[in-house]
Structure formats: structure tokens, C-alpha cells
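Undergrad: Pasting target-v3.cif below, which is mmCIF, C-alpha atoms and all ligand atoms.
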```
data_input
loop_
_atom_site.group_PDB
_atom_site.id
_atom_site.type_symbol
_atom_site.label_atom_id
_atom_site.label_comp_id
_atom_site.auth_asym_id
_atom_site.auth_seq_id
_atom_site.Cartn_x
_atom_site.Cartn_y
_atom_site.Cartn_z
ATOM 1 C CA MET C 1 -24.356 12.146 79.925
ATOM 2 C CA SER C 2 -21.583 11.953 77.384
ATOM 3 C CA ASP C 3 -23.615 9.857 74.910
ATOM 4 C CA GLN C 4 -26.388 12.457 74.721
ATOM 5 C CA ALA C 5 -26.810 14.061 71.293
ATOM 6 C CA PRO C 6 -25.947 17.777 71.261
ATOM 7 C CA PRO C 7 -29.019 20.026 71.119
ATOM 8 C CA PRO C 8 -30.302 21.114 67.695
ATOM 9 C CA PHE C 9 -29.166 24.454 66.265
ATOM 10 C CA GLU C 10 -31.621 27.310 65.759
ATOM 11 C CA PRO C 11 -31.708 28.717 62.220
ATOM 12 C CA LEU C 12 -29.962 32.090 61.811
ATOM 13 C CA ASP C 13 -31.956 35.215 60.999
ATOM 14 C CA GLU C 14 -31.624 36.027 57.294
ATOM 15 C CA ASP C 15 -33.714 39.195 57.335
ATOM 16 C CA TRP C 16 -30.828 41.613 56.702
ATOM 17 C CA GLN C 17 -28.996 43.154 53.756
ATOM 18 C CA THR C 18 -25.439 44.036 54.795
ATOM 19 C CA ALA C 19 -22.824 42.217 56.856
ATOM 20 C CA LEU C 20 -19.247 43.081 57.740
ATOM 21 C CA ALA C 21 -16.808 40.262 58.526
ATOM 22 C CA VAL C 22 -13.871 41.211 60.771
ATOM 23 C CA VAL C 23 -11.279 38.459 61.231
ATOM 24 C CA ALA C 24 -7.617 38.157 62.159
ATOM 25 C CA HIS C 25 -6.228 36.359 59.110
ATOM 26 C CA PRO C 26 -6.738 35.495 55.477
ATOM 27 C CA ASP C 27 -8.318 31.981 55.579
ATOM 28 C CA ASP C 28 -10.249 32.560 58.838
ATOM 29 C CA MET C 29 -13.563 32.995 57.013
ATOM 30 C CA GLU C 30 -12.827 30.041 54.752
ATOM 31 C CA TYR C 31 -12.517 27.487 57.586
ATOM 32 C CA GLY C 32 -16.272 27.101 57.892
ATOM 33 C CA ALA C 33 -18.045 30.409 57.277
ATOM 34 C CA ALA C 34 -17.419 31.047 53.563
ATOM 35 C CA ALA C 35 -20.143 28.656 52.392
ATOM 36 C CA ALA C 36 -22.619 30.687 54.462
ATOM 37 C CA VAL C 37 -21.318 33.885 52.862
ATOM 38 C CA ALA C 38 -21.830 32.321 49.420
ATOM 39 C CA ARG C 39 -25.449 31.583 50.349
ATOM 40 C CA TRP C 40 -26.048 35.132 51.540
ATOM 41 C CA THR C 41 -24.459 36.876 48.564
ATOM 42 C CA ALA C 42 -26.529 34.611 46.272
ATOM 43 C CA GLN C 43 -29.608 35.988 48.068
ATOM 44 C CA GLY C 44 -28.477 39.488 47.070
ATOM 45 C CA LYS C 45 -26.989 40.451 50.425
ATOM 46 C CA ARG C 46 -23.765 42.448 50.612
ATOM 47 C CA VAL C 47 -20.833 41.086 52.652
ATOM 48 C CA VAL C 48 -17.537 42.967 53.104
ATOM 49 C CA TYR C 49 -14.360 41.427 54.545
ATOM 50 C CA VAL C 50 -11.888 43.203 56.831
ATOM 51 C CA MET C 51 -8.644 41.365 57.615
ATOM 52 C CA VAL C 52 -6.866 42.680 60.702
ATOM 53 C CA THR C 53 -3.547 41.166 59.540
ATOM 54 C CA SER C 54 -2.393 39.955 56.154
ATOM 55 C CA GLY C 55 -1.463 36.512 57.492
ATOM 56 C CA GLU C 56 2.144 37.260 56.597
ATOM 57 C CA ALA C 57 3.527 35.028 59.375
ATOM 58 C CA GLY C 58 1.477 32.040 58.246
ATOM 59 C CA ILE C 59 3.914 30.224 55.958
ATOM 60 C CA ASP C 60 7.041 28.888 57.633
ATOM 61 C CA SER C 61 9.110 28.727 54.433
ATOM 62 C CA MET C 62 8.264 32.271 53.313
ATOM 63 C CA ASP C 63 9.580 35.531 54.740
ATOM 64 C CA PRO C 64 6.699 37.804 55.849
ATOM 65 C CA GLN C 65 7.712 40.538 53.409
ATOM 66 C CA GLU C 66 7.396 38.106 50.541
ATOM 67 C CA CYS C 67 4.366 36.351 52.034
ATOM 68 C CA ARG C 68 2.152 39.402 52.588
ATOM 69 C CA PRO C 69 1.250 40.127 48.934
ATOM 70 C CA VAL C 70 0.775 36.412 48.224
ATOM 71 C CA ARG C 71 -1.710 35.998 51.045
ATOM 72 C CA GLU C 72 -3.540 39.241 50.278
ATOM 73 C CA ALA C 73 -3.971 38.157 46.654
ATOM 74 C CA GLU C 74 -5.183 34.705 47.728
ATOM 75 C CA GLN C 75 -7.731 36.261 50.100
ATOM 76 C CA ILE C 76 -9.069 38.612 47.429
ATOM 77 C CA ALA C 77 -9.453 35.713 44.974
ATOM 78 C CA SER C 78 -11.000 33.517 47.671
ATOM 79 C CA ALA C 79 -13.538 36.179 48.624
ATOM 80 C CA ALA C 80 -14.557 36.698 44.989
ATOM 81 C CA LEU C 81 -15.515 32.999 44.782
ATOM 82 C CA VAL C 82 -18.227 33.546 47.413
ATOM 83 C CA GLY C 83 -19.502 36.849 46.034
ATOM 84 C CA VAL C 84 -17.425 39.253 48.152
ATOM 85 C CA ASP C 85 -15.817 42.041 46.125
ATOM 86 C CA THR C 86 -14.449 44.218 48.927
ATOM 87 C CA VAL C 87 -11.556 42.981 51.089
ATOM 88 C CA GLU C 88 -9.727 45.453 53.315
ATOM 89 C CA PHE C 89 -6.486 44.895 55.252
ATOM 90 C CA LEU C 90 -5.802 46.810 58.463
ATOM 91 C CA GLY C 91 -2.097 45.927 58.511
ATOM 92 C CA TYR C 92 -1.710 44.687 62.088
ATOM 93 C CA PRO C 93 1.219 42.300 62.675
ATOM 94 C CA ASP C 94 0.272 38.656 62.154
ATOM 95 C CA GLY C 95 0.770 36.557 65.281
ATOM 96 C CA THR C 96 1.130 39.452 67.715
ATOM 97 C CA VAL C 97 -2.209 41.270 67.505
ATOM 98 C CA GLU C 98 -2.996 42.929 70.815
ATOM 99 C CA TYR C 99 -6.458 43.696 72.126
ATOM 100 C CA GLY C 100 -6.465 47.451 72.672
ATOM 101 C CA LEU C 101 -7.876 50.854 71.842
ATOM 102 C CA PRO C 102 -6.115 51.248 68.454
ATOM 103 C CA LEU C 103 -7.635 47.961 67.267
ATOM 104 C CA ARG C 104 -11.089 48.884 68.593
ATOM 105 C CA ARG C 105 -10.876 52.282 66.897
ATOM 106 C CA ASP C 106 -9.854 50.792 63.537
ATOM 107 C CA ILE C 107 -12.653 48.210 63.629
ATOM 108 C CA ALA C 108 -15.156 50.868 64.774
ATOM 109 C CA ARG C 109 -14.108 52.983 61.778
ATOM 110 C CA ALA C 110 -14.830 50.050 59.433
ATOM 111 C CA VAL C 111 -18.244 49.513 61.070
ATOM 112 C CA ARG C 112 -19.134 53.198 60.627
ATOM 113 C CA ARG C 113 -17.975 53.188 57.004
ATOM 114 C CA HIS C 114 -19.826 50.040 55.945
ATOM 115 C CA ARG C 115 -22.906 50.402 58.211
ATOM 116 C CA PRO C 116 -23.710 46.662 58.525
ATOM 117 C CA GLU C 117 -26.710 45.095 60.254
ATOM 118 C CA ILE C 118 -24.749 41.942 61.086
ATOM 119 C CA VAL C 119 -21.055 41.712 62.036
ATOM 120 C CA LEU C 120 -19.301 38.392 61.544
ATOM 121 C CA THR C 121 -16.153 37.335 63.325
ATOM 122 C CA THR C 122 -14.537 34.085 64.403
ATOM 123 C CA ASN C 123 -14.405 32.261 67.704
ATOM 124 C CA TYR C 124 -13.155 34.598 70.459
ATOM 125 C CA ARG C 125 -13.456 31.998 73.240
ATOM 126 C CA ASP C 126 -10.368 30.532 74.927
ATOM 127 C CA THR C 127 -10.749 27.137 73.223
ATOM 128 C CA TYR C 128 -12.559 25.479 70.321
ATOM 129 C CA GLY C 129 -14.323 23.297 72.884
ATOM 130 C CA GLY C 130 -12.412 20.769 74.901
ATOM 131 C CA SER C 131 -8.846 21.725 75.686
ATOM 132 C CA TYR C 132 -7.458 22.734 72.272
ATOM 133 C CA PRO C 133 -6.504 26.394 72.784
ATOM 134 C CA ASN C 134 -7.672 29.128 70.428
ATOM 135 C CA GLN C 135 -5.045 31.292 68.748
ATOM 136 C CA ALA C 136 -4.204 34.623 70.420
ATOM 137 C CA ASP C 137 -4.988 36.794 67.369
ATOM 138 C CA HIS C 138 -8.470 35.266 67.050
ATOM 139 C CA ILE C 139 -9.261 36.021 70.689
ATOM 140 C CA ALA C 140 -7.948 39.597 70.478
ATOM 141 C CA VAL C 141 -9.770 40.360 67.236
ATOM 142 C CA GLY C 142 -13.050 38.742 68.279
ATOM 143 C CA ARG C 143 -13.155 40.555 71.606
ATOM 144 C CA ALA C 144 -12.158 43.869 70.030
ATOM 145 C CA THR C 145 -14.864 43.401 67.402
ATOM 146 C CA LEU C 146 -17.566 42.925 70.041
ATOM 147 C CA ASP C 147 -16.447 46.127 71.747
ATOM 148 C CA ALA C 148 -15.875 48.086 68.525
ATOM 149 C CA VAL C 149 -19.457 47.492 67.425
ATOM 150 C CA ARG C 150 -20.579 49.407 70.531
ATOM 151 C CA ASP C 151 -17.878 52.038 70.011
ATOM 152 C CA ALA C 152 -19.161 52.562 66.461
ATOM 153 C CA GLY C 153 -22.510 53.660 67.857
ATOM 154 C CA ASN C 154 -21.193 56.117 70.431
ATOM 155 C CA ARG C 155 -20.293 59.552 69.098
ATOM 156 C CA TRP C 156 -18.206 60.344 72.199
ATOM 157 C CA VAL C 157 -15.944 57.294 71.910
ATOM 158 C CA PHE C 158 -13.059 57.746 69.428
ATOM 159 C CA ARG C 159 -14.172 61.306 68.641
ATOM 160 C CA GLU C 160 -11.526 61.532 65.911
ATOM 161 C CA LEU C 161 -13.718 59.237 63.810
ATOM 162 C CA VAL C 162 -16.399 61.921 63.618
ATOM 163 C CA ASP C 163 -13.722 64.464 62.676
ATOM 164 C CA GLU C 164 -12.753 62.100 59.848
ATOM 165 C CA GLY C 165 -16.361 62.186 58.656
ATOM 166 C CA HIS C 166 -17.542 58.832 60.053
ATOM 167 C CA GLN C 167 -20.853 59.390 61.804
ATOM 168 C CA PRO C 168 -21.938 56.924 64.540
ATOM 169 C CA TRP C 169 -23.658 53.731 63.340
ATOM 170 C CA ASN C 170 -26.078 52.010 65.687
ATOM 171 C CA GLY C 171 -27.514 49.593 63.178
ATOM 172 C CA VAL C 172 -25.645 46.407 64.109
ATOM 173 C CA ARG C 173 -28.211 43.997 65.565
ATOM 174 C CA GLN C 174 -25.998 41.010 66.303
ATOM 175 C CA VAL C 175 -22.409 39.774 66.133
ATOM 176 C CA TRP C 176 -22.024 36.215 64.868
ATOM 177 C CA ALA C 177 -18.889 34.284 65.822
ATOM 178 C CA ALA C 178 -18.076 31.378 63.506
ATOM 179 C CA GLY C 179 -16.512 28.227 64.887
ATOM 180 C CA SER C 180 -17.430 29.002 68.484
ATOM 181 C CA PRO C 181 -17.837 26.179 71.009
ATOM 182 C CA GLU C 182 -20.837 28.192 72.291
ATOM 183 C CA ALA C 183 -22.599 28.117 68.901
ATOM 184 C CA GLY C 184 -26.358 27.774 69.153
ATOM 185 C CA HIS C 185 -27.347 28.771 65.623
ATOM 186 C CA ALA C 186 -26.545 27.604 62.102
ATOM 187 C CA VAL C 187 -27.435 28.149 58.467
ATOM 188 C CA ASP C 188 -27.979 25.545 55.745
ATOM 189 C CA THR C 189 -24.968 25.546 53.385
ATOM 190 C CA THR C 190 -25.816 22.399 51.408
ATOM 191 C CA GLU C 191 -26.274 24.360 48.169
ATOM 192 C CA THR C 192 -23.100 26.417 48.573
ATOM 193 C CA PHE C 193 -20.809 23.821 50.135
ATOM 194 C CA ALA C 194 -18.733 23.534 46.935
ATOM 195 C CA ALA C 195 -18.203 27.295 46.783
ATOM 196 C CA GLY C 196 -16.957 27.189 50.365
ATOM 197 C CA VAL C 197 -14.428 24.476 49.483
ATOM 198 C CA ALA C 198 -13.277 26.422 46.417
ATOM 199 C CA SER C 199 -12.788 29.537 48.521
ATOM 200 C CA LEU C 200 -10.572 27.642 50.975
ATOM 201 C CA GLU C 201 -8.636 25.998 48.152
ATOM 202 C CA ALA C 202 -7.894 29.473 46.776
ATOM 203 C CA HIS C 203 -5.438 29.802 49.692
ATOM 204 C CA ARG C 204 -3.073 27.553 47.759
ATOM 205 C CA ALA C 205 0.297 28.790 48.987
ATOM 206 C CA TYR C 206 -0.959 28.728 52.557
ATOM 207 C CA LEU C 207 -2.421 25.214 52.340
ATOM 208 C CA ASP C 208 0.735 23.898 50.636
ATOM 209 C CA GLY C 209 2.799 25.296 53.486
ATOM 210 C CA LEU C 210 0.449 23.947 56.137
ATOM 211 C CA GLY C 211 0.235 20.210 55.479
ATOM 212 C CA GLY C 212 -1.781 17.886 57.755
ATOM 213 C CA ASP C 213 -5.559 17.599 58.238
ATOM 214 C CA MET C 214 -6.290 21.301 57.901
ATOM 215 C CA ALA C 215 -4.628 21.392 54.456
ATOM 216 C CA ASP C 216 -7.250 18.980 53.080
ATOM 217 C CA ALA C 217 -9.828 21.675 52.295
ATOM 218 C CA ALA C 218 -12.642 19.415 51.108
ATOM 219 C CA GLY C 219 -12.103 16.819 53.829
ATOM 220 C CA PHE C 220 -11.914 19.332 56.649
ATOM 221 C CA LEU C 221 -14.984 21.288 55.521
ATOM 222 C CA ASP C 222 -16.925 18.086 54.862
ATOM 223 C CA SER C 223 -16.598 16.819 58.424
ATOM 224 C CA PHE C 224 -17.055 20.290 59.915
ATOM 225 C CA GLY C 225 -20.105 21.001 57.716
ATOM 226 C CA ARG C 226 -21.729 17.611 58.344
ATOM 227 C CA MET C 227 -21.350 17.972 62.088
ATOM 228 C CA ALA C 228 -23.184 21.327 62.032
ATOM 229 C CA GLY C 229 -25.652 20.014 59.451
ATOM 230 C CA SER C 230 -26.673 17.105 61.677
ATOM 231 C CA ARG C 231 -27.757 19.586 64.354
ATOM 232 C CA LEU C 232 -29.804 21.660 61.884
ATOM 233 C CA GLY C 233 -31.406 18.719 60.072
ATOM 234 C CA VAL C 234 -29.660 19.386 56.749
ATOM 235 C CA ARG C 235 -26.668 17.918 54.908
ATOM 236 C CA TYR C 236 -24.206 20.767 55.493
ATOM 237 C CA ALA C 237 -24.362 23.828 57.724
ATOM 238 C CA SER C 238 -22.174 26.573 59.191
ATOM 239 C CA SER C 239 -22.607 27.263 62.899
ATOM 240 C CA PHE C 240 -22.306 30.563 64.761
ATOM 241 C CA GLU C 241 -22.499 31.923 68.281
ATOM 242 C CA VAL C 242 -25.035 34.749 68.186
ATOM 243 C CA VAL C 243 -24.205 37.737 70.396
ATOM 244 C CA PRO C 244 -27.262 40.033 70.545
ATOM 245 C CA LEU C 245 -26.529 43.749 70.879
ATOM 246 C CA ARG C 246 -30.024 45.106 71.239
HETATM 247 ZN ZN ZN X 301 -6.605 32.567 61.857
#
```
Using C-alpha cells, write down the structure that the file contains.
Ligand SMILES: [Zn+2]
TA:
Amino acid sequence: MSDQAPPPFEPLDEDWQTALAVVAHPDDMEYGAAAAVARWTAQGKRVVYVMVTSGEAGIDSMDPQECRPVREAEQIASAALVGVDTVEFLGYPDGTVEYGLPLRRDIARAVRRHRPEIVLTTNYRDTYGGSYPNQADHIAVGRATLDAVRDAGNRWVFRELVDEGHQPWNGVRQVWAAGSPEAGHAVDTTETFAAGVASLEAHRAYLDGLGGDMADAAGFLDSFGRMAGSRLGVRYASSFEVVPLR
């Protein structure tokens, strides 16, 4: 029945210390997940960000060469507002990221270096629910991240990583995909909602170039956060699809 309320979300496990977020673009974490990151860093957890691209094709009026340093600086400032002091850029081309072995190897290297218990990424499904299609980079990066977490634990996959000094890491328990239409879990972000808005607003040049509903940081996150919150029984929440790995 279409008028049935969606099922309640399960609370996310918070019994961990280190998470690695792997996303396609600067701003991907900020459209819904950054308030959760603010909560976790306030609890003393460590969260590291890895950006597969620098989002250099994200502003129509700005040439990518000129755009890249602007967006990298905005992402670093944005991350700092939610307690993240390490942001790495893998340098893949924005808009044309391909799922493949080089991407899996580079993400696996990051997993081995940072040794997280939880890996965060964004929606890797074909849509956001309904018929609105997901963006190709998000799908490629999300799928590669799921696979790279396994690769990180296998010494015989990407053997050059061991030669580089990166020993296998089998400690990732789950991958959490933010903004997934298959989300079944969420975390209360009522206390850190404002930090999440501030972290999205730090992408000033990007938001100015964007226009429309998604450029209204507070408005977008308010409706998104309330929707998730109503299914967790709190004011605001961030929702995730939990992919168990062991
Ligand atoms: Zn994106």
C-alpha cells in the first residue's frame, strides 16, 4: 500500500574507533552524512576522507584546472568543521570515473594504510529510489569500494601493495552507504545538525555555481534529515545502507 509508513530504521553500531570515507567528489559526504561524522568525531572516533576526484568538473563557469584547487580547499575546510583533519585526493577525472582494477587497487591501498573498522561511501545503487538516476561516478566508486575492502584483506590481490609496505587489513566489519534507497539503518544527528549544514555551506563556490534546491544547504539537509529522523524516532538523522562483510 502506498500510504503505508516506511519501516523504522535500526540504530547504527557505534562500537568502533576508526572509519574511512571513500567518495567520488568533494561535497558527497556533506549531502547528508557529515552531521553523522560530526557526531562520531565528537565521541572521539577518527574519520579520514578519501576523495576519488577533486570535483573539478563540478562548476560550469570554471575551467577544471582553475576549479580543482578551489574545490580541494573547500573540501579540506568543510571536513575540518566536522572534526576530520585528513583529506586525501586520488586524482581520478571528475565525471568519467571508471570502475576497474586501478581504482580498486588505489582504494585498497587507502584501506590498508588507514586500517578502518568501518568504511563509509555513498549510494552505489542505480537510483536514489524511484526513477531519478544516480550519477555514474558514485556508482563506480561505491562498487569499487565494496570490492576494494575485500582486496585490502587479501595478500595475493594487488601484490604490489605488499611490496610498497602495505600489509593486508582484514579489520573492516561493514561498509555503510549514505543516501541509499536500500537504507535500513540511521544515526541520530539532532545535536550535530548545524555542523552538517556548516560543512555543506563550506562548499561556497560549488553551491554558488549550482543554484536550485540543492544549493540551499540548510533547506536541503533539513528535509533530508527530518525524513530519516522520523524513521528513527528523533528530530534529525542520517541514514545508511549497511553492507556486512563478516
Ligand atoms: Zn557526487
Undergrad: Sort by chain and increasing residue number a table of all residues of chain C within 9 Å of ligand ZN 301 (chain X), each with its closest pair of atoms and their distance in Å to one decimal, counting all atoms listed in the file, and write it as JSON lines.
TA:
```
{"residue": "C:Val23", "atom": "CA", "partner": "X:ZN301", "partner_atom": "ZN", "distance": 7.5}
{"residue": "C:Ala24", "atom": "CA", "partner": "X:ZN301", "partner_atom": "ZN", "distance": 5.7}
{"residue": "C:His25", "atom": "CA", "partner": "X:ZN301", "partner_atom": "ZN", "distance": 4.7}
{"residue": "C:Pro26", "atom": "CA", "partner": "X:ZN301", "partner_atom": "ZN", "distance": 7.0}
{"residue": "C:Asp27", "atom": "CA", "partner": "X:ZN301", "partner_atom": "ZN", "distance": 6.5}
{"residue": "C:Asp28", "atom": "CA", "partner": "X:ZN301", "partner_atom": "ZN", "distance": 4.7}
{"residue": "C:Met29", "atom": "CA", "partner": "X:ZN301", "partner_atom": "ZN", "distance": 8.5}
{"residue": "C:Tyr31", "atom": "CA", "partner": "X:ZN301", "partner_atom": "ZN", "distance": 8.9}
{"residue": "C:Gly55", "atom": "CA", "partner": "X:ZN301", "partner_atom": "ZN", "distance": 7.8}
{"residue": "C:Gly58", "atom": "CA", "partner": "X:ZN301", "partner_atom": "ZN", "distance": 8.9}
{"residue": "C:Thr122", "atom": "CA", "partner": "X:ZN301", "partner_atom": "ZN", "distance": 8.5}
{"residue": "C:Gln135", "atom": "CA", "partner": "X:ZN301", "partner_atom": "ZN", "distance": 7.2}
{"residue": "C:Asp137", "atom": "CA", "partner": "X:ZN301", "partner_atom": "ZN", "distance": 7.1}
{"residue": "C:His138", "atom": "CA", "partner": "X:ZN301", "partner_atom": "ZN", "distance": 6.1}
```
Undergrad: Given the file shown, enumerate the residues that the PyMOL selection byres (((chain C and resi 33-35) around 8) and not hetatm) captures and present them as a list of chain:residue names.
TA: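 Against this file, the PyMOL selection byres (((chain C and resi 33-35) around 8) and not hetatm) returns the residues C:Met29, C:Glu30, C:Tyr31, C:Gly32, C:Ala36, C:Val37, C:Ala38, C:Arg39, C:Val82, C:Ala178, C:Thr189, C:Thr192, C:Phe193, C:Ala194, C:Ala195, C:Gly196, C:Val197, C:Ser199, C:Ser238, C:Ser239.
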Undergrad: Quick one: of C:Gly142, C:Pro8, C:Gly229, C:Gly83, who's nearest to Trp176 in chain C, counting only C-alpha atoms?
TA: C:Gly142
Undergrad: List the neighbours of Met227 in chain C out to 10 Å using all atoms listed in the file; skip same-chain residues closer than 6 positions along the sequence, and give me the result as an MDAnalysis selection string.
TA: chainID C and resid 221 234:239
Undergrad: Could you pull the residues within 9 Å of Arg173 in chain C, counting only C-alpha atoms, minus those fewer than 2 positions along the same chain, as a list in words?
TA: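 The contact residues come out as Pro116, Glu117, Ile118, Val119, Asn170, Gly171, Val175, Val243, Pro244, Leu245 and Arg246 of chain C.
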Undergrad: Considering only C-alpha atoms, return as a compact mmCIF listing (two decimals) with C-alpha atoms, in the coordinates of the input whatever protein or nucleic-acid residues lie within 9 Å of range 97-99 of chain C, sequence-local ones (same chain, fewer than 5 positions apart) excluded.
TA:
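Dumped everything to result-v3.txt:
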```txt
# COMPACT_ATOMS: atom_id res chain seq x y z
CA ALA C 24 -7.62 38.16 62.16
CA VAL C 52 -6.87 42.68 60.70
CA THR C 53 -3.55 41.17 59.54
CA TYR C 92 -1.71 44.69 62.09
CA ARG C 104 -11.09 48.88 68.59
CA ALA C 136 -4.20 34.62 70.42
CA ASP C 137 -4.99 36.79 67.37
CA HIS C 138 -8.47 35.27 67.05
CA ILE C 139 -9.26 36.02 70.69
CA ALA C 140 -7.95 39.60 70.48
CA VAL C 141 -9.77 40.36 67.24
CA ARG C 143 -13.16 40.56 71.61
CA ALA C 144 -12.16 43.87 70.03
```
Undergrad: Would you list the contacts of range 76-78 of chain C as number ranges by chain, taking every protein, DNA or RNA residue within 8 Å and counting only C-alpha atoms, but skipping same-chain residues closer than 6 positions in sequence?
TA: C: 85-87, 198-203
Undergrad: Expand the PyMOL selection byres (((chain C and resi 169) around 10) and not hetatm) into the individual residues it matches in the shown file, reporting them as a VMD selection string.
TA: chain C and resid 108 to 109 111 to 117 149 to 155 166 to 168 170 to 172
Undergrad: Given all atoms listed in the file as the basis, pick out the residue of C:Leu101, C:Tyr206, C:Pro181, C:Asp163 nearest to Asp126 in chain C.
TA: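 With all atoms listed in the file as the atom set, the closest residue is C:Pro181.
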Undergrad: Name every residue that the PyMOL selection byres (((chain C and resi 127-131) around 9) and not hetatm) selects in this structure, writing the answer as a ChimeraX atom specification with chains first and numbers rising.
TA: /C:123-126,132-135,179-182
Undergrad: Could you check how far CA of Pro6 in chain C sits from CA of Ala183 in chain C, in Å to one decimal?
TA: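 Those two atoms sit 11.1 Å apart.
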Undergrad: So how many Å separate CA of Glu10 in chain C and CA of Gly219 in chain C, to one decimal?
TA: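 The value is 25.2 Å.
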Undergrad: In Å to one decimal, how far is CA of Ala21 in chain C from CA of Asp147 in chain C?
TA: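 Going from CA of Asp147 in chain C over to CA of Ala21 in chain C covers 14.5 Å.
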Undergrad: Provide an axis-aligned box for all listed atoms of range 174-191 of chain C, padding each side by 6 Å; report its centre and its edge lengths in Å to one decimal, as lines of an AutoDock Vina configuration file.
TA:
```
center_x = -22.2
center_y = 31.7
center_z = 60.2
size_x = 23.5
size_y = 30.6
size_z = 36.1
```
Undergrad: Between C:Asp60, C:Arg71, C:Thr41, C:Gly91, single out the one closest to Ile107 in chain C, counting all atoms listed in the file.
TA: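 Among the listed residues, the smallest separation from Ile107 in chain C belongs to C:Gly91.
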